[in-house]
Amino acid sequence: MASMRPAALAFVLLAASGCADPDPIEPAASVDLATGAIHLSAQLRSNGGLVQVTATLRDDDGYPIVLSGGDELLLSAPGGLEARLVEYEGAHYGQLETGATSLDLVLARADGRVVSPIELPPAFALSGPPVPASRAQPIPITWDAGDSSYQMRVEVGGPCLPSWYGRPFSEDTGAYEIQPADLGTPAGVEDCALIVEATRAAFGLPLAPELAPSSAAAAEQVRVVAIETVP
Amino acid sequence: MMRARSLLVLGAAGAIAGCELEPGHDSGEVSTRDLLVSVDASDEGSGAAVRIDLTGPNPVGNVRLSEGDSLSLSIAGVAWPLREVETDGSIAYEAHPDGLVDDLVLDLIRSGDRSALDVGVPVPPPFTLTAMDLTGDQPLTIAWDAASGEHALDLLIEGDCIGSLVRPLATDVGAYAVSQAELPIPTLLPCPLRVTLTRCSTTQRPLLPGIEGGNLHAGVVQRRAIEVQWLP
């Protein structure tokens, strides 16, 4: 050891000190940031009776922000309904029991409330055949047709399908037929429920202008129906 | 042991010569148990093509049938002559049958090694494709001869006015419909569309049943295309 050259010794010391693990970056505290330096992104999802929201806060460099100094995020709906979002592993979650489509995402700060009104896509009802449908024939599903400025998508899955498949639509006509060729049901399956999930979505919704310009929200109306099927 | 030794000699000879080995090495210097037979076949409904490549292990690579060795192809009992072709310095064997109406059967006859006879290559069933024009709010409907079996099925819809839509189908039931809302919004109507349905089977197994070494890799495609119009 006494004969070890300085360069080799330095290498050993570096390795022993665990230099490969840099110190984790300390998240910024919201209380230290101006509102205009807070980048808020949010996803809202409604099933017609419940609205759930996921929000993240980041600074100008893209690092997470921790709410502090009494700052908080709230989701509010008409009629005085309001829920405080809770933080879990860097994201903020909340939900409200409401069928409303006009909601506010609020960043409450000591110097006032920064309110971002968010309009969910139009609500719709989704339905399939009222009696068990044959998987050997197209299975119609319908919903309330909508404005094609929203993105409409249907996903089909279920315990007897090997995987889910999705169909995006260029126009929201309110109708789709599940094709037998899309159902890879294994041989021998008898009764089986297909799960159909329809989503009407809007992306890039602007948030309060006081926030950083990149702030935006996505909003979805989601409906799910189970369709009983037979071979 | 003999195989390993001969390959070692080949590699050493190449290294000593200071040059890369030429493609299309003589099959007489490659054991059947070191051979990979690759079959690429397609039937477009208006004629078929079969290409067979023979490959030895490194550093041999591409293999040319030498004197005394032969390869033959038959389909439903009809023999189709294989022609040696050279593409980009690589030797292959090609045939152009009228159609892939049944499984391919290969016979690789070796004068100085084990022959591989009656090597079957599964072919997905041929079919006829029909489709209806899109008018009003009617969907694009297509129909073909349904078939069971271990093949993949893919639908491609393409046109200058919509780009392309690729859709793997889970089950080969012989009918499918695509609503207009599932297609990209056309830039102009009427819009000619090309609908292509592809059945594809792949095979990977030993060339000689029950004998280790020597492999068969095959990809066989039945493809049919049809033109339809998307009308206002």
# chains A, B, ... in the order shown; residues from 1 in each chain; ligands from 1
call {"tool": "interface_residues", "arguments": {"of": "chain A", "to": "chain B", "cutoff": "10 Å", "atoms": "only C-alpha atoms", "output": "PyMOL selection string"}}
result
chain A and resi 136-138+152-153+161-163+165+167-186
call {"tool": "residues_around", "arguments": {"residues": "A:Arg45", "least_positions_apart": "3", "cutoff": "7 Å", "atoms": "only C-alpha atoms", "output": "mmCIF file with C-alpha atoms, in the first residue's frame"}}
result
data_model
loop_
_atom_site.group_PDB
_atom_site.id
_atom_site.type_symbol
_atom_site.label_atom_id
_atom_site.label_comp_id
_atom_site.auth_asym_id
_atom_site.auth_seq_id
_atom_site.Cartn_x
_atom_site.Cartn_y
_atom_site.Cartn_z
ATOM 1 C CA VAL A 51 -64.269 13.752 -10.863
ATOM 2 C CA GLN A 52 -60.690 12.784 -10.100
ATOM 3 C CA VAL A 53 -57.699 15.031 -10.605
ATOM 4 C CA ALA A 219 -59.787 16.509 -19.232
ATOM 5 C CA GLU A 220 -61.683 13.312 -19.955
ATOM 6 C CA GLN A 221 -65.178 11.949 -19.715
ATOM 7 C CA VAL A 222 -65.000 8.190 -19.289
#
call {"tool": "residues_around", "arguments": {"residues": "A:Asp32", "least_positions_apart": "6", "cutoff": "10 Å", "atoms": "only C-alpha atoms", "output": "list in words"}}
result
Ile65, Leu67, Ser68 and Gly69 of chain A
call {"tool": "write_last_selection", "arguments": {"atoms": "all heavy atoms", "output": "compact mmCIF listing (two decimals), in the first residue's frame"}}
result
# COMPACT_ATOMS: atom_id res chain seq x y z
N ILE A 65 -41.95 20.60 -7.44
CA ILE A 65 -42.12 21.63 -6.40
C ILE A 65 -42.93 21.02 -5.27
O ILE A 65 -43.92 20.32 -5.51
CB ILE A 65 -42.88 22.85 -6.97
CG1 ILE A 65 -42.06 23.54 -8.06
CG2 ILE A 65 -43.24 23.82 -5.87
CD1 ILE A 65 -42.85 24.62 -8.81
N LEU A 67 -45.34 21.76 -2.17
CA LEU A 67 -46.18 22.83 -1.61
C LEU A 67 -45.75 23.11 -0.18
O LEU A 67 -45.57 22.18 0.62
CB LEU A 67 -47.65 22.41 -1.66
CG LEU A 67 -48.30 22.40 -3.04
CD1 LEU A 67 -49.71 21.83 -2.97
CD2 LEU A 67 -48.31 23.80 -3.66
N SER A 68 -45.62 24.39 0.16
CA SER A 68 -45.16 24.75 1.49
C SER A 68 -45.69 26.13 1.85
O SER A 68 -46.26 26.83 1.00
CB SER A 68 -43.62 24.76 1.52
OG SER A 68 -43.13 25.71 0.59
N GLY A 69 -45.48 26.51 3.12
CA GLY A 69 -45.89 27.85 3.56
C GLY A 69 -47.39 28.09 3.46
O GLY A 69 -47.82 29.22 3.26
call {"tool": "residues_around", "arguments": {"residues": "stretch 121-123 of chain B", "least_positions_apart": "6", "cutoff": "8 Å", "atoms": "only C-alpha atoms", "output": "list in words"}}
result
Leu100, Val101, Asp102, Asp103, Leu104, Val105, Leu106, Ser201, Thr203, Ala218, Val220 and Val221 of chain B
call {"tool": "write_last_selection", "arguments": {"atoms": "all heavy atoms", "output": "mmCIF file, in the first residue's frame"}}
result
data_model
loop_
_atom_site.group_PDB
_atom_site.id
_atom_site.type_symbol
_atom_site.label_atom_id
_atom_site.label_comp_id
_atom_site.auth_asym_id
_atom_site.auth_seq_id
_atom_site.Cartn_x
_atom_site.Cartn_y
_atom_site.Cartn_z
ATOM 1 N N LEU B 100 -49.451 -20.384 -54.015
ATOM 2 C CA LEU B 100 -49.119 -21.218 -52.853
ATOM 3 C C LEU B 100 -50.425 -21.871 -52.392
ATOM 4 O O LEU B 100 -51.091 -21.387 -51.480
ATOM 5 C CB LEU B 100 -48.490 -20.368 -51.748
ATOM 6 C CG LEU B 100 -47.257 -19.562 -52.151
ATOM 7 C CD1 LEU B 100 -46.705 -18.785 -50.961
ATOM 8 C CD2 LEU B 100 -46.176 -20.474 -52.736
ATOM 9 N N VAL B 101 -50.784 -22.954 -53.055
ATOM 10 C CA VAL B 101 -52.078 -23.591 -52.816
ATOM 11 C C VAL B 101 -52.010 -24.649 -51.728
ATOM 12 O O VAL B 101 -53.035 -25.151 -51.284
ATOM 13 C CB VAL B 101 -52.617 -24.224 -54.112
ATOM 14 C CG1 VAL B 101 -52.866 -23.150 -55.163
ATOM 15 C CG2 VAL B 101 -51.649 -25.273 -54.663
ATOM 16 N N ASP B 102 -50.807 -24.982 -51.307
ATOM 17 C CA ASP B 102 -50.647 -26.007 -50.274
ATOM 18 C C ASP B 102 -49.276 -25.784 -49.631
ATOM 19 O O ASP B 102 -48.509 -24.915 -50.047
ATOM 20 C CB ASP B 102 -50.728 -27.405 -50.897
ATOM 21 C CG ASP B 102 -51.115 -28.477 -49.881
ATOM 22 O OD1 ASP B 102 -51.078 -28.171 -48.662
ATOM 23 O OD2 ASP B 102 -51.438 -29.599 -50.304
ATOM 24 N N ASP B 103 -48.965 -26.611 -48.636
ATOM 25 C CA ASP B 103 -47.669 -26.471 -47.969
ATOM 26 C C ASP B 103 -46.526 -26.695 -48.964
ATOM 27 O O ASP B 103 -46.651 -27.462 -49.924
ATOM 28 C CB ASP B 103 -47.545 -27.488 -46.831
ATOM 29 C CG ASP B 103 -48.460 -27.143 -45.665
ATOM 30 O OD1 ASP B 103 -49.055 -26.037 -45.686
ATOM 31 O OD2 ASP B 103 -48.581 -27.971 -44.752
ATOM 32 N N LEU B 104 -45.410 -26.007 -48.728
ATOM 33 C CA LEU B 104 -44.216 -26.230 -49.533
ATOM 34 C C LEU B 104 -43.520 -27.489 -49.033
ATOM 35 O O LEU B 104 -43.508 -27.754 -47.823
ATOM 36 C CB LEU B 104 -43.244 -25.052 -49.420
ATOM 37 C CG LEU B 104 -43.798 -23.637 -49.567
ATOM 38 C CD1 LEU B 104 -42.666 -22.611 -49.457
ATOM 39 C CD2 LEU B 104 -44.522 -23.486 -50.881
ATOM 40 N N VAL B 105 -42.957 -28.221 -49.946
ATOM 41 C CA VAL B 105 -42.170 -29.403 -49.568
ATOM 42 C C VAL B 105 -40.782 -29.272 -50.202
ATOM 43 O O VAL B 105 -40.666 -29.109 -51.422
ATOM 44 C CB VAL B 105 -42.845 -30.705 -50.030
ATOM 45 C CG1 VAL B 105 -41.976 -31.908 -49.650
ATOM 46 C CG2 VAL B 105 -44.228 -30.843 -49.397
ATOM 47 N N LEU B 106 -39.768 -29.313 -49.359
ATOM 48 C CA LEU B 106 -38.389 -29.175 -49.832
ATOM 49 C C LEU B 106 -37.665 -30.513 -49.700
ATOM 50 O O LEU B 106 -37.882 -31.256 -48.727
ATOM 51 C CB LEU B 106 -37.634 -28.132 -49.001
ATOM 52 C CG LEU B 106 -38.250 -26.737 -48.894
ATOM 53 C CD1 LEU B 106 -37.378 -25.850 -48.016
ATOM 54 C CD2 LEU B 106 -38.416 -26.138 -50.269
ATOM 55 N N SER B 201 -47.648 -16.899 -41.970
ATOM 56 C CA SER B 201 -47.250 -17.943 -41.012
ATOM 57 C C SER B 201 -45.730 -17.988 -40.940
ATOM 58 O O SER B 201 -45.051 -17.779 -41.947
ATOM 59 C CB SER B 201 -47.808 -19.305 -41.417
ATOM 60 O OG SER B 201 -47.166 -19.768 -42.579
ATOM 61 N N THR B 203 -42.338 -20.187 -39.346
ATOM 62 C CA THR B 203 -41.915 -21.510 -38.860
ATOM 63 C C THR B 203 -40.458 -21.439 -38.440
ATOM 64 O O THR B 203 -39.637 -20.876 -39.162
ATOM 65 C CB THR B 203 -42.056 -22.557 -39.979
ATOM 66 O OG1 THR B 203 -43.412 -22.581 -40.438
ATOM 67 C CG2 THR B 203 -41.649 -23.949 -39.497
ATOM 68 N N ALA B 218 -38.851 -20.103 -41.753
ATOM 69 C CA ALA B 218 -39.690 -19.804 -42.914
ATOM 70 C C ALA B 218 -40.716 -18.735 -42.577
ATOM 71 O O ALA B 218 -41.265 -18.707 -41.477
ATOM 72 C CB ALA B 218 -40.404 -21.069 -43.390
ATOM 73 N N VAL B 220 -44.092 -17.305 -44.636
ATOM 74 C CA VAL B 220 -44.915 -17.482 -45.835
ATOM 75 C C VAL B 220 -46.131 -16.563 -45.739
ATOM 76 O O VAL B 220 -46.816 -16.529 -44.709
ATOM 77 C CB VAL B 220 -45.375 -18.947 -45.986
ATOM 78 C CG1 VAL B 220 -46.156 -19.115 -47.278
ATOM 79 C CG2 VAL B 220 -44.181 -19.887 -45.957
ATOM 80 N N VAL B 221 -46.381 -15.835 -46.800
ATOM 81 C CA VAL B 221 -47.418 -14.806 -46.803
ATOM 82 C C VAL B 221 -48.415 -15.061 -47.928
ATOM 83 O O VAL B 221 -48.017 -15.347 -49.056
ATOM 84 C CB VAL B 221 -46.767 -13.412 -46.994
ATOM 85 C CG1 VAL B 221 -47.811 -12.362 -47.317
ATOM 86 C CG2 VAL B 221 -45.982 -13.027 -45.758
#
call {"tool": "residues_around", "arguments": {"residues": "B:Glu44", "least_positions_apart": "2", "cutoff": "10 Å", "atoms": "only C-alpha atoms", "output": "MDAnalysis selection string"}}
result
chainID B and resid 42 46:49 99:100 126 198 221:225
call {"tool": "select_by_dssp", "arguments": {"residues": "chain B", "states": "strand (DSSP E or B)", "output": "PyMOL selection string"}}
result
chain B and resi 25-26+36-43+48-56+61-64+70-75+78-80+83-87+90-95+104-109+116-121+130-131+134+140-143+152-159+163-169+175-178+191-206+215-230
call {"tool": "closest_residue", "arguments": {"among": "A:Ala91, A:Leu103, A:Ala212, A:Ala218", "to": "A:Asp59", "atoms": "only C-alpha atoms"}}
result
A:Ala212
call {"tool": "residues_around", "arguments": {"residues": "B:Ala95", "least_positions_apart": "3", "cutoff": "8 Å", "atoms": "only C-alpha atoms", "output": "list in words"}}
result
Ala49, Val50, Arg51, Trp80, Pro81, Leu82 and Arg83 of chain B
call {"tool": "write_last_selection", "arguments": {"atoms": "N, CA and C atoms", "output": "CSV table (one decimal), in the first residue's frame"}}
result
chain,number,residue,atom,x,y,z
B,49,ALA,N,-43.9,-16.2,-55.3
B,49,ALA,CA,-42.5,-16.2,-55.3
B,49,ALA,C,-42.0,-17.0,-54.1
B,50,VAL,N,-41.0,-17.8,-54.3
B,50,VAL,CA,-40.3,-18.5,-53.2
B,50,VAL,C,-38.8,-18.3,-53.3
B,51,ARG,N,-38.2,-17.9,-52.2
B,51,ARG,CA,-36.8,-17.7,-52.2
B,51,ARG,C,-36.2,-18.5,-51.0
B,80,TRP,N,-41.7,-27.5,-58.8
B,80,TRP,CA,-41.4,-26.1,-59.3
B,80,TRP,C,-39.9,-25.9,-59.3
B,81,PRO,N,-39.3,-25.7,-60.5
B,81,PRO,CA,-37.8,-25.6,-60.6
B,81,PRO,C,-37.3,-24.4,-59.9
B,82,LEU,N,-36.2,-24.7,-59.1
B,82,LEU,CA,-35.5,-23.6,-58.4
B,82,LEU,C,-34.3,-23.1,-59.3
B,83,ARG,N,-34.2,-21.8,-59.3
B,83,ARG,CA,-33.1,-21.2,-60.1
B,83,ARG,C,-32.2,-20.5,-59.2
call {"tool": "residues_around", "arguments": {"residues": "B:Gly112", "least_positions_apart": "5", "cutoff": "9 Å", "atoms": "only C-alpha atoms", "output": "mmCIF file with N, CA and C atoms, in the first residue's frame"}}
result
data_model
loop_
_atom_site.group_PDB
_atom_site.id
_atom_site.type_symbol
_atom_site.label_atom_id
_atom_site.label_comp_id
_atom_site.auth_asym_id
_atom_site.auth_seq_id
_atom_site.Cartn_x
_atom_site.Cartn_y
_atom_site.Cartn_z
ATOM 1 N N GLY B 28 -20.630 -28.412 -50.113
ATOM 2 C CA GLY B 28 -19.901 -29.629 -49.795
ATOM 3 C C GLY B 28 -19.023 -29.495 -48.565
ATOM 4 N N SER B 31 -21.731 -29.095 -43.153
ATOM 5 C CA SER B 31 -22.587 -30.198 -42.746
ATOM 6 C C SER B 31 -24.051 -29.768 -42.748
ATOM 7 N N GLY B 68 -23.312 -32.324 -56.868
ATOM 8 C CA GLY B 68 -23.697 -33.489 -56.089
ATOM 9 C C GLY B 68 -24.779 -33.185 -55.082
ATOM 10 N N ASP B 69 -24.932 -31.893 -54.708
ATOM 11 C CA ASP B 69 -26.015 -31.494 -53.804
ATOM 12 C C ASP B 69 -27.119 -30.846 -54.629
#
